[in-house]
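Trainee: Contents of run.txt (compact mmCIF, C-alpha atoms and all ligand atoms) are below:
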```txt
# COMPACT_ATOMS: atom_id res chain seq x y z
CA MET A 1 -17.68 -12.94 -14.81
CA GLY A 2 -16.17 -9.62 -14.04
CA LYS A 3 -19.22 -7.57 -14.88
CA ARG A 4 -18.70 -5.49 -11.82
CA GLY A 5 -15.01 -5.47 -12.35
CA ARG A 6 -13.05 -2.49 -13.37
CA TRP A 7 -9.63 -2.26 -14.82
CA LEU A 8 -7.26 0.18 -13.34
CA GLY A 9 -4.53 1.29 -15.61
CA GLY A 10 -1.89 3.83 -14.92
CA SER A 11 -3.73 6.54 -16.72
CA GLY A 12 -7.26 6.02 -15.49
CA ARG A 13 -9.14 8.71 -13.66
CA VAL A 14 -10.10 8.06 -10.12
CA SER A 15 -13.79 7.45 -10.03
CA MET A 16 -15.98 7.22 -7.01
CA ARG A 17 -16.00 3.52 -7.47
CA ALA A 18 -12.37 3.07 -8.06
CA TYR A 19 -10.73 4.93 -5.31
CA VAL A 20 -11.56 2.57 -2.62
CA VAL A 21 -8.98 0.10 -3.21
CA LEU A 22 -6.57 2.08 -5.13
CA ALA A 23 -4.01 1.33 -2.59
CA LEU A 24 -5.15 3.92 -0.21
CA PHE A 25 -6.23 1.62 2.26
CA GLY A 26 -4.72 -0.91 0.07
CA VAL A 27 -1.56 -1.38 1.81
CA GLY A 28 -0.77 -3.21 -1.30
CA GLY A 29 1.25 -3.20 -4.32
CA CYS A 30 4.79 -3.88 -3.96
CA ALA A 31 4.84 -1.22 -1.56
CA GLY A 32 2.52 -2.80 0.68
CA PRO A 33 2.79 -4.85 3.62
CA ARG A 34 5.74 -6.51 2.25
CA MET A 35 7.43 -7.20 5.46
CA SER A 36 10.91 -7.59 4.22
CA THR A 37 13.37 -4.85 3.60
CA SER A 38 16.31 -7.10 3.87
CA VAL A 39 17.41 -7.02 0.27
CA ALA A 40 19.27 -3.94 -0.79
CA PRO A 41 18.66 -3.74 -4.50
CA PRO A 42 21.14 -2.35 -7.00
CA HIS A 43 18.66 0.29 -7.99
CA ALA A 44 15.51 1.87 -6.68
CA LEU A 45 17.20 3.00 -3.58
CA LEU A 46 16.75 6.11 -1.67
CA ALA A 47 19.94 7.98 -1.22
CA ARG A 48 20.32 11.08 0.80
CA ALA A 49 23.01 13.63 1.33
CA GLU A 50 21.52 14.69 4.60
CA ALA A 51 19.00 13.31 7.01
CA PRO A 52 15.50 13.81 5.72
CA GLY A 53 12.96 14.88 8.26
CA LEU A 54 9.22 14.88 8.72
CA ARG A 55 7.06 17.87 9.54
CA LEU A 56 3.46 17.62 10.57
CA ALA A 57 0.71 20.20 10.38
CA VAL A 58 -3.06 20.14 10.91
CA ASP A 59 -5.28 22.33 8.77
CA GLU A 60 -8.53 22.23 10.68
CA ALA A 61 -10.40 24.33 8.16
CA ALA A 62 -9.47 22.06 5.31
CA ARG A 63 -9.70 19.00 7.54
CA GLU A 64 -6.29 17.86 6.51
CA VAL A 65 -3.32 16.42 8.29
CA VAL A 66 -0.33 17.45 6.22
CA VAL A 67 2.94 15.58 6.40
CA ASP A 68 6.00 16.95 4.64
CA MET A 69 8.98 14.70 4.21
CA GLY A 70 12.40 15.53 2.89
CA PRO A 71 14.69 16.65 1.57
CA PHE A 72 15.83 13.55 -0.26
CA GLU A 73 18.72 13.28 -2.64
CA VAL A 74 17.67 11.09 -5.54
CA PRO A 75 20.31 10.34 -8.15
CA ASP A 76 19.20 9.22 -11.58
CA MET A 77 18.96 5.47 -11.84
CA GLY A 78 18.23 4.92 -15.47
CA TYR A 79 15.40 2.75 -16.55
CA ALA A 80 12.10 2.41 -14.76
CA ALA A 81 11.85 -0.38 -12.30
CA HIS A 82 8.51 -1.97 -11.81
CA ALA A 83 6.68 0.49 -13.99
CA GLY A 84 3.05 -0.26 -14.56
CA GLY A 85 2.98 -3.12 -12.18
CA SER A 86 5.56 -5.07 -14.03
CA GLY A 87 7.82 -7.13 -11.92
CA VAL A 88 10.43 -8.15 -14.39
CA MET A 89 13.10 -5.95 -15.81
CA PRO A 90 13.76 -5.82 -19.55
CA ASP A 91 16.70 -8.16 -19.08
CA GLY A 92 14.52 -10.71 -17.34
CA THR A 93 15.68 -10.16 -13.80
CA PRO A 94 12.97 -9.58 -11.27
CA ALA A 95 12.33 -6.02 -10.34
CA THR A 96 13.28 -5.08 -6.89
CA HIS A 97 10.68 -3.66 -4.71
CA GLY A 98 12.48 -0.66 -3.58
CA HIS A 99 14.88 -0.06 -0.84
CA ALA A 100 12.89 1.48 1.92
CA GLY A 101 14.05 4.79 3.25
CA PRO A 102 14.33 5.72 6.89
CA LEU A 103 11.37 5.30 9.16
CA MET A 104 9.87 8.71 9.84
CA PRO A 105 7.63 8.51 12.90
CA PHE A 106 4.84 10.87 13.92
CA GLU A 107 1.76 10.93 16.10
CA TRP A 108 -1.67 11.18 14.56
CA PRO A 109 -2.84 14.58 15.77
CA VAL A 110 -6.65 14.55 15.66
CA GLU A 111 -9.66 12.45 16.68
CA GLY A 112 -11.58 11.32 13.66
CA TRP A 113 -11.60 9.18 10.58
CA LEU A 114 -9.06 9.10 7.80
CA ARG A 115 -10.77 9.26 4.44
CA GLY A 116 -8.36 10.14 1.71
CA PHE A 117 -5.10 11.63 0.65
CA GLN A 118 -3.28 13.63 -1.95
CA VAL A 119 0.39 13.08 -2.61
CA ARG A 120 2.77 15.54 -4.26
CA VAL A 121 6.43 15.28 -5.03
CA THR A 122 8.22 18.59 -5.41
CA ASP A 123 11.63 20.16 -5.52
CA ALA A 124 12.81 22.66 -2.92
CA GLU A 125 11.09 25.48 -4.78
CA GLY A 126 7.78 23.71 -4.70
CA ASN A 127 7.80 22.76 -8.38
CA GLU A 128 6.00 19.54 -9.05
CA LEU A 129 8.20 16.58 -9.95
CA PRO A 130 6.96 13.45 -11.73
CA ARG A 131 4.87 11.51 -9.29
CA ARG A 132 6.27 8.22 -10.54
CA ILE A 133 9.59 8.81 -8.83
CA LEU A 134 7.80 7.98 -5.61
CA HIS A 135 8.14 4.25 -6.00
CA HIS A 136 6.30 3.58 -2.83
CA LEU A 137 5.23 5.25 0.37
CA ILE A 138 4.02 3.18 3.28
CA GLY A 139 2.31 4.26 6.48
CA VAL A 140 2.61 1.92 9.42
CA ASN A 141 0.46 2.05 12.55
CA PHE A 142 2.23 0.83 15.68
CA ASP A 143 -1.04 0.81 17.60
CA ARG A 144 -3.20 -1.56 15.56
CA ARG A 145 -2.81 -4.98 14.04
CA GLN A 146 -3.90 -6.29 10.70
CA LEU A 147 -6.93 -8.46 10.17
CA ALA A 148 -5.42 -11.66 8.84
CA TYR A 149 -1.98 -11.17 10.36
CA PRO A 150 -1.07 -10.19 13.89
CA ALA A 151 1.48 -7.81 12.35
CA LEU A 152 1.36 -4.02 12.37
CA GLU A 153 -1.32 -2.28 10.36
CA ARG A 154 -0.28 -0.48 7.21
CA PHE A 155 -2.78 2.35 7.22
CA PHE A 156 -1.38 3.81 4.07
CA GLY A 157 0.30 2.35 1.06
CA ILE A 158 0.81 3.71 -2.37
CA GLY A 159 2.89 2.74 -5.33
CA THR A 160 4.02 4.44 -8.46
CA GLU A 161 0.67 4.13 -10.15
CA THR A 162 -1.56 5.07 -7.25
CA GLU A 163 -3.64 8.16 -7.67
CA ASP A 164 -5.13 10.44 -5.08
CA VAL A 165 -8.01 8.97 -3.17
CA GLU A 166 -11.09 10.24 -1.42
CA LEU A 167 -13.71 8.20 0.39
CA PRO A 168 -17.20 9.55 0.97
CA SER A 169 -17.50 11.26 4.33
CA SER A 170 -19.77 8.44 5.47
CA ILE A 171 -16.83 6.05 5.45
CA GLY A 172 -13.49 6.27 7.19
CA VAL A 173 -10.65 4.60 8.99
CA PRO A 174 -10.91 5.31 12.72
CA MET A 175 -7.89 7.20 14.00
CA ALA A 176 -7.19 8.35 17.53
CA GLU A 177 -5.14 11.28 18.62
CA GLY A 178 -1.73 10.13 19.71
CA GLN A 179 -1.63 6.97 17.63
CA GLN A 180 1.96 6.11 16.83
CA LEU A 181 2.50 6.11 13.10
CA ALA A 182 5.39 6.32 10.69
CA PHE A 183 6.03 6.68 7.00
CA TYR A 184 8.77 5.16 4.95
CA ALA A 185 9.34 5.74 1.29
CA SER A 186 11.38 4.62 -1.62
CA LEU A 187 12.15 6.93 -4.49
CA HIS A 188 13.20 5.84 -7.91
CA ASN A 189 14.51 8.40 -10.32
CA ASP A 190 14.36 7.50 -13.99
CA THR A 191 14.16 11.07 -15.25
CA GLY A 192 17.70 11.09 -16.60
CA VAL A 193 18.94 13.80 -14.27
CA ASP A 194 19.91 13.74 -10.62
CA LEU A 195 17.29 15.27 -8.39
CA HIS A 196 18.33 17.23 -5.35
CA ARG A 197 16.31 18.26 -2.32
CA VAL A 198 13.17 16.37 -3.21
CA TYR A 199 10.15 16.70 -0.91
CA VAL A 200 7.12 14.46 -0.54
CA ARG A 201 3.92 15.96 0.80
CA VAL A 202 0.99 13.82 1.90
CA ALA A 203 -2.22 15.66 2.72
CA MET A 204 -4.54 13.26 4.53
CA ASP A 205 -8.21 14.17 4.66
CA TYR A 206 -10.00 13.42 7.86
CA THR A 207 -13.50 13.65 9.22
CA PRO A 208 -13.41 15.19 12.72
CA ARG A 209 -14.86 12.97 15.42
CA ALA A 210 -17.21 15.72 16.56
CA SER A 211 -18.61 16.40 13.14
CA ARG A 212 -20.43 13.14 12.54
CA ASP A 213 -22.24 10.54 14.52
CA GLU A 214 -22.37 7.82 11.97
CA VAL A 215 -19.41 6.74 9.99
CA THR A 216 -19.02 3.30 8.52
CA GLU A 217 -15.70 2.33 10.00
CA VAL A 218 -13.36 0.45 7.73
CA LEU A 219 -9.84 -0.84 8.02
CA PRO A 220 -7.34 -1.81 5.38
CA VAL A 221 -6.88 -5.52 4.86
CA TYR A 222 -4.26 -7.56 3.11
CA PHE A 223 -4.12 -11.22 2.14
CA ASP A 224 -0.94 -12.57 0.59
CA THR A 225 -0.25 -15.89 -1.08
CA ASP A 226 3.22 -15.93 0.40
CA ASN A 227 3.63 -13.58 3.28
CA ARG A 228 6.44 -14.67 5.50
CA ILE A 229 6.83 -11.88 7.97
CA GLY A 230 10.34 -10.59 8.03
CA ASP A 231 11.07 -12.36 4.78
CA SER A 232 10.19 -12.01 1.14
CA ASN A 233 6.67 -12.42 -0.20
CA MET A 234 7.91 -13.26 -3.66
CA TRP A 235 8.03 -16.68 -5.23
CA ASP A 236 9.30 -18.24 -8.42
CA VAL A 237 7.49 -18.12 -11.74
CA HIS A 238 8.08 -21.43 -13.47
CA PRO A 239 7.55 -22.07 -17.17
CA GLY A 240 3.87 -22.71 -17.78
CA ARG A 241 1.47 -22.53 -14.91
CA SER A 242 2.49 -22.08 -11.32
CA GLU A 243 0.45 -21.20 -8.31
CA ARG A 244 0.73 -20.55 -4.64
CA ALA A 245 -1.95 -20.57 -1.98
CA TRP A 246 -2.31 -19.62 1.65
CA GLU A 247 -5.10 -20.48 4.03
CA PHE A 248 -6.29 -17.97 6.55
CA THR A 249 -9.03 -17.06 8.97
CA VAL A 250 -10.14 -13.67 10.17
CA PRO A 251 -10.72 -12.92 13.86
CA VAL A 252 -13.78 -10.74 13.34
CA SER A 253 -16.65 -11.06 10.88
CA GLY A 254 -17.48 -8.31 8.47
CA GLY A 255 -17.75 -7.26 4.88
CA LEU A 256 -15.22 -6.38 2.24
CA LEU A 257 -16.40 -3.23 0.50
CA GLY A 258 -13.84 -3.36 -2.25
CA VAL A 259 -10.73 -5.22 -3.25
CA THR A 260 -7.96 -5.06 -5.75
CA GLY A 261 -5.13 -7.39 -6.53
CA HIS A 262 -1.45 -7.22 -7.13
CA LEU A 263 0.42 -9.42 -9.59
CA HIS A 264 3.62 -9.26 -11.58
CA ASP A 265 4.31 -10.19 -15.18
CA TYR A 266 2.65 -13.44 -16.29
CA GLY A 267 0.20 -13.17 -13.41
CA GLU A 268 -3.10 -14.71 -14.51
CA HIS A 269 -5.29 -14.07 -11.51
CA VAL A 270 -5.50 -13.96 -7.75
CA ARG A 271 -8.60 -15.21 -5.94
CA ILE A 272 -10.11 -15.87 -2.55
CA GLU A 273 -12.10 -19.02 -2.06
CA ASP A 274 -13.87 -20.81 0.73
CA ALA A 275 -11.27 -23.31 1.89
CA ALA A 276 -13.83 -25.92 2.86
CA THR A 277 -15.96 -25.89 -0.26
CA GLY A 278 -13.62 -24.40 -2.86
CA ARG A 279 -16.27 -21.90 -3.81
CA VAL A 280 -14.61 -18.82 -5.30
CA LEU A 281 -15.65 -15.65 -3.50
CA VAL A 282 -13.75 -13.22 -5.66
CA LYS A 283 -11.36 -13.61 -8.57
CA LEU A 284 -9.28 -10.71 -9.84
CA ASP A 285 -7.81 -11.16 -13.29
CA GLY A 286 -4.55 -9.69 -14.44
CA ARG A 287 -4.71 -7.91 -17.76
CA ARG A 288 -1.63 -8.79 -19.76
CA ASP A 289 -0.17 -7.78 -23.09
CA GLU A 290 0.64 -10.29 -25.83
CA ALA A 291 3.95 -11.07 -24.18
CA GLY A 292 2.25 -11.79 -20.87
CA ARG A 293 3.46 -8.66 -19.17
CA LEU A 294 1.11 -7.31 -16.62
CA GLU A 295 -0.75 -4.10 -17.35
CA ALA A 296 -3.34 -3.98 -14.61
CA VAL A 297 -5.21 -6.05 -12.10
CA GLU A 298 -8.94 -6.00 -11.76
CA THR A 299 -10.62 -4.10 -8.96
CA ARG A 300 -14.00 -5.01 -7.52
CA ILE A 301 -16.28 -2.79 -5.53
CA PHE A 302 -18.92 -4.64 -3.58
CA ARG A 303 -20.73 -1.63 -2.33
CA LYS A 304 -22.61 0.94 -4.32
CA TRP A 305 -21.65 4.07 -2.52
CA LEU A 306 -24.42 6.23 -3.83
CA GLY A 307 -26.91 3.59 -4.72
CA LEU A 308 -29.39 1.76 -2.64
CA ARG A 309 -27.69 -1.56 -2.70
CA SER A 310 -25.03 -2.50 -0.29
CA ASN A 311 -23.62 -5.89 -0.87
CA PRO A 312 -20.25 -6.38 0.76
CA LEU A 313 -18.40 -9.63 0.39
CA ARG A 314 -18.81 -11.39 3.72
CA LEU A 315 -15.95 -12.94 5.65
CA GLU A 316 -16.94 -14.90 8.74
CA ALA A 317 -14.73 -15.09 11.79
CA GLY A 318 -12.98 -18.42 12.17
CA ARG A 319 -14.05 -19.78 8.80
CA PRO A 320 -11.11 -20.93 6.69
CA TYR A 321 -10.47 -19.10 3.45
CA ARG A 322 -7.77 -19.57 0.89
CA ILE A 323 -6.03 -17.03 -1.30
CA VAL A 324 -4.61 -18.43 -4.50
CA GLY A 325 -2.30 -16.73 -6.99
CA VAL A 326 -1.93 -18.22 -10.47
CA TYR A 327 0.79 -17.46 -13.01
CA ASP A 328 1.12 -18.62 -16.59
CA SER A 329 4.54 -17.95 -18.06
CA PRO A 330 5.55 -18.31 -21.70
CA LEU A 331 9.22 -18.23 -20.73
CA GLU A 332 11.41 -21.29 -20.88
CA GLU A 333 13.26 -20.42 -17.72
CA THR A 334 12.14 -19.88 -14.17
CA VAL A 335 11.98 -16.29 -12.97
CA VAL A 336 13.35 -16.50 -9.45
CA ASP A 337 11.26 -14.41 -7.08
CA GLY A 338 9.32 -13.15 -10.06
CA ALA A 339 5.87 -13.55 -8.57
CA MET A 340 3.83 -11.70 -6.07
CA ALA A 341 0.13 -12.26 -5.57
CA HIS A 342 -1.98 -10.56 -3.01
CA ILE A 343 -5.30 -8.89 -2.47
CA VAL A 344 -5.87 -5.69 -0.58
CA GLY A 345 -9.12 -4.04 0.27
CA ILE A 346 -11.19 -2.21 2.78
CA PHE A 347 -13.12 -4.16 5.33
CA ALA A 348 -15.98 -3.06 7.56
CA PRO A 349 -16.03 -5.26 10.68
CA ASP A 350 -19.44 -6.02 12.13
CA ASP A 351 -18.14 -4.86 15.49
CA MET A 352 -14.98 -2.79 15.61
CA SER A 353 -14.58 -3.55 19.30
CA LEU A 354 -13.90 -7.17 18.40
CA TRP A 355 -10.83 -6.22 16.37
CA PRO A 356 -8.04 -7.98 18.26
CA ALA A 357 -5.53 -5.83 20.06
CA LEU A 358 -1.99 -5.71 18.81
CA ASP A 359 0.18 -8.06 20.80
CA PRO A 360 3.57 -6.38 20.99
CA ASP A 361 5.15 -9.51 22.40
CA SER A 362 4.13 -11.75 19.55
CA GLU A 363 6.69 -13.21 17.23
CA TRP A 364 4.93 -11.65 14.27
CA VAL A 365 5.21 -8.16 15.65
CA ARG A 366 8.81 -8.72 16.63
CA LEU A 367 9.67 -9.87 13.12
CA ASP A 368 7.66 -7.10 11.55
CA LEU A 369 9.39 -4.46 13.65
CA SER A 370 12.81 -5.85 12.93
CA ALA A 371 12.16 -5.77 9.19
CA LEU A 372 11.14 -2.12 9.17
CA PRO A 373 13.69 0.39 8.01
CA GLY A 374 15.68 2.08 10.72
CA ARG A 375 14.84 5.40 12.23
CA LEU A 376 16.78 8.54 11.77
CA GLY A 377 18.89 9.19 14.80
CA GLU A 378 17.09 9.14 18.10
CA ASN A 379 13.85 10.44 16.81
CA GLY A 380 13.21 10.96 13.15
CA GLN A 381 10.34 13.27 13.84
CA GLY A 382 10.94 16.86 12.97
CA THR A 383 14.53 16.34 12.02
CA PRO A 384 15.69 19.68 10.74
CA ASP A 385 16.65 19.64 7.12
CA GLY A 386 19.50 21.97 7.65
CA GLU A 387 18.23 25.12 6.12
CA GLY A 388 15.69 26.46 8.54
CA GLY A 389 12.37 25.01 7.59
CA HIS A 390 12.27 23.92 4.04
CA GLY A 391 13.33 26.99 2.27
CA GLY A 392 11.24 27.84 -0.70
CA HIS A 393 9.27 24.66 -0.51
CA HIS A 394 5.80 25.78 -1.27
CA HIS A 395 2.87 26.17 1.05
CU CU B 1 5.01 -6.63 -6.40
```
Rewrite the structure of this file - the entire thing - as structure tokens.
Ligand SMILES: [Cu+2]
Mentor:
Amino acid sequence: MGKRGRWLGGSGRVSMRAYVVLALFGVGGCAGPRMSTSVAPPHALLARAEAPGLRLAVDEAAREVVVDMGPFEVPDMGYAAHAGGSGVMPDGTPATHGHAGPLMPFEWPVEGWLRGFQVRVTDAEGNELPRRILHHLIGVNFDRRQLAYPALERFFGIGTETEDVELPSSIGVPMAEGQQLAFYASLHNDTGVDLHRVYVRVAMDYTPRASRDEVTEVLPVYFDTDNRIGDSNMWDVHPGRSERAWEFTVPVSGGLLGVTGHLHDYGEHVRIEDAATGRVLVKLDGRRDEAGRLEAVETRIFRKWLGLRSNPLRLEAGRPYRIVGVYDSPLEETVVDGAMAHIVGIFAPDDMSLWPALDPDSEWVRLDLSALPGRLGENGQGTPDGEGGHGGHHH
């Protein structure tokens, strides 16, 4: 069991085999496709003294789409929320999952495939700030739906612990010029000092459409044990064992190339099984310390990128699967909303043309849209930051 598994801690390097699911395409983590933003937490919020904007640039030579966001005002908030994947604060209250900032829309500017990113957090002078203050950053695609949910795709999702990611050029997420996208972020400052005029830069690597004939097209996928669109995806951790399961089907067959899981403290594992037979297809264990606090969740890569073997985990259209999250708590009291359990990964459909179109009139999409953070003014794109460009912010 777990021979092909790999633990991802906060300090691990990004290896060829690890990046896949590191949250890149893993809309996951707490950041992920959590559809609810309804709870304004007492901390981990994104405050701003002025409207932050978004600026977009394409560097064709470097094959990068560069998005600059900011400035953000980020007052110090004391202790670290949700550090290291932990979902429970030192005093036993569940960690919040960040108060999402404004929705910052933009159009994807090039034809091609998205294959990686680098994220930097800087001050106005371009000096690097601790990456961990970026609690999460989510990219939503208004032009494509998810695999297991008819909700909006999250083409990008990183959390505090996510590192930069790069897929081989033979693999990528298909992106079309003009696709309607947006970012929203939550910043959490535990540095002890207030931070002013903070900028977030995301450089997204792409493979130009014209440069390659054959790219294995993948899309991010997300399976949650408790995803109620427009509501919380957290559930209670009871003393001893507790679990939650959700049955799902996928509308198009294909293979999972890699997956990782997300759990909070006392999370034992999260797995996907065949709902008819109970056969476990993949089980991702949580690594916990002696007190049961979560340190990492296993990642599995089903494809050997550079090797000869390609052995994705098959999901067949219409066949019922079940995702199950299991917790084992040593506490004597219930941790309300203490649990999350989901799996994210990248999925190569057998036929991309069979990917169902987004239905903007569906209840799911309506709920998803209504749970997104609000836009800035009329049009958050290119909102000036009030000092003519972004001052000394580095280039
Ligand atoms: Cu979480």
Trainee: What residues have an atom no more than 9 Å from (6.7, 10.6, -7.3) in the file's own frame, counting all atoms listed in the file, and can you write them as a ChimeraX atom specification?
Mentor: /A:119-122,129-136,159-160,187-189,200
Trainee: Using only C-alpha atoms, which of A:Asp205, A:Glu107, A:Glu295, A:Glu217 sits nearest Gly178 (chain A)?
Mentor: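 When distances to Gly178 (chain A) are compared using only C-alpha atoms, the smallest one comes from A:Glu107.
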Trainee: Which residue gives the smallest distance to Ala357 (chain A) among A:Met175, A:Leu56, A:Val270, A:Ala151, with all atoms listed in the file counted?
Mentor: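 Of the candidates, the smallest distance to Ala357 (chain A) is held by A:Ala151.
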Trainee: If we count only C-alpha atoms and set the cut-off at 7 Å, which residues sit around region 140-142 of chain A, ignoring sequence neighbours fewer than 4 positions away in its own chain? Please answer as a compact mmCIF listing (two decimals) with C-alpha atoms, in the frame of the given file.
Mentor:
```
# COMPACT_ATOMS: atom_id res chain seq x y z
CA LEU A 152 1.36 -4.02 12.37
CA GLU A 153 -1.32 -2.28 10.36
CA ARG A 154 -0.28 -0.48 7.21
CA PHE A 155 -2.78 2.35 7.22
CA PHE A 156 -1.38 3.81 4.07
CA GLN A 180 1.96 6.11 16.83
CA LEU A 181 2.50 6.11 13.10
CA ALA A 182 5.39 6.32 10.69
CA PHE A 183 6.03 6.68 7.00
```
Trainee: Which residues are near Ile323 (chain A)? Cut-off 12 Å, only C-alpha atoms, ignore same chain within fewer than 3 positions. Put them as an NGL selection string.
Mentor: :A and (148 or 222-227 or 243-249 or 261 or 269-275 or 278-284 or 320 or 326 or 341-344)
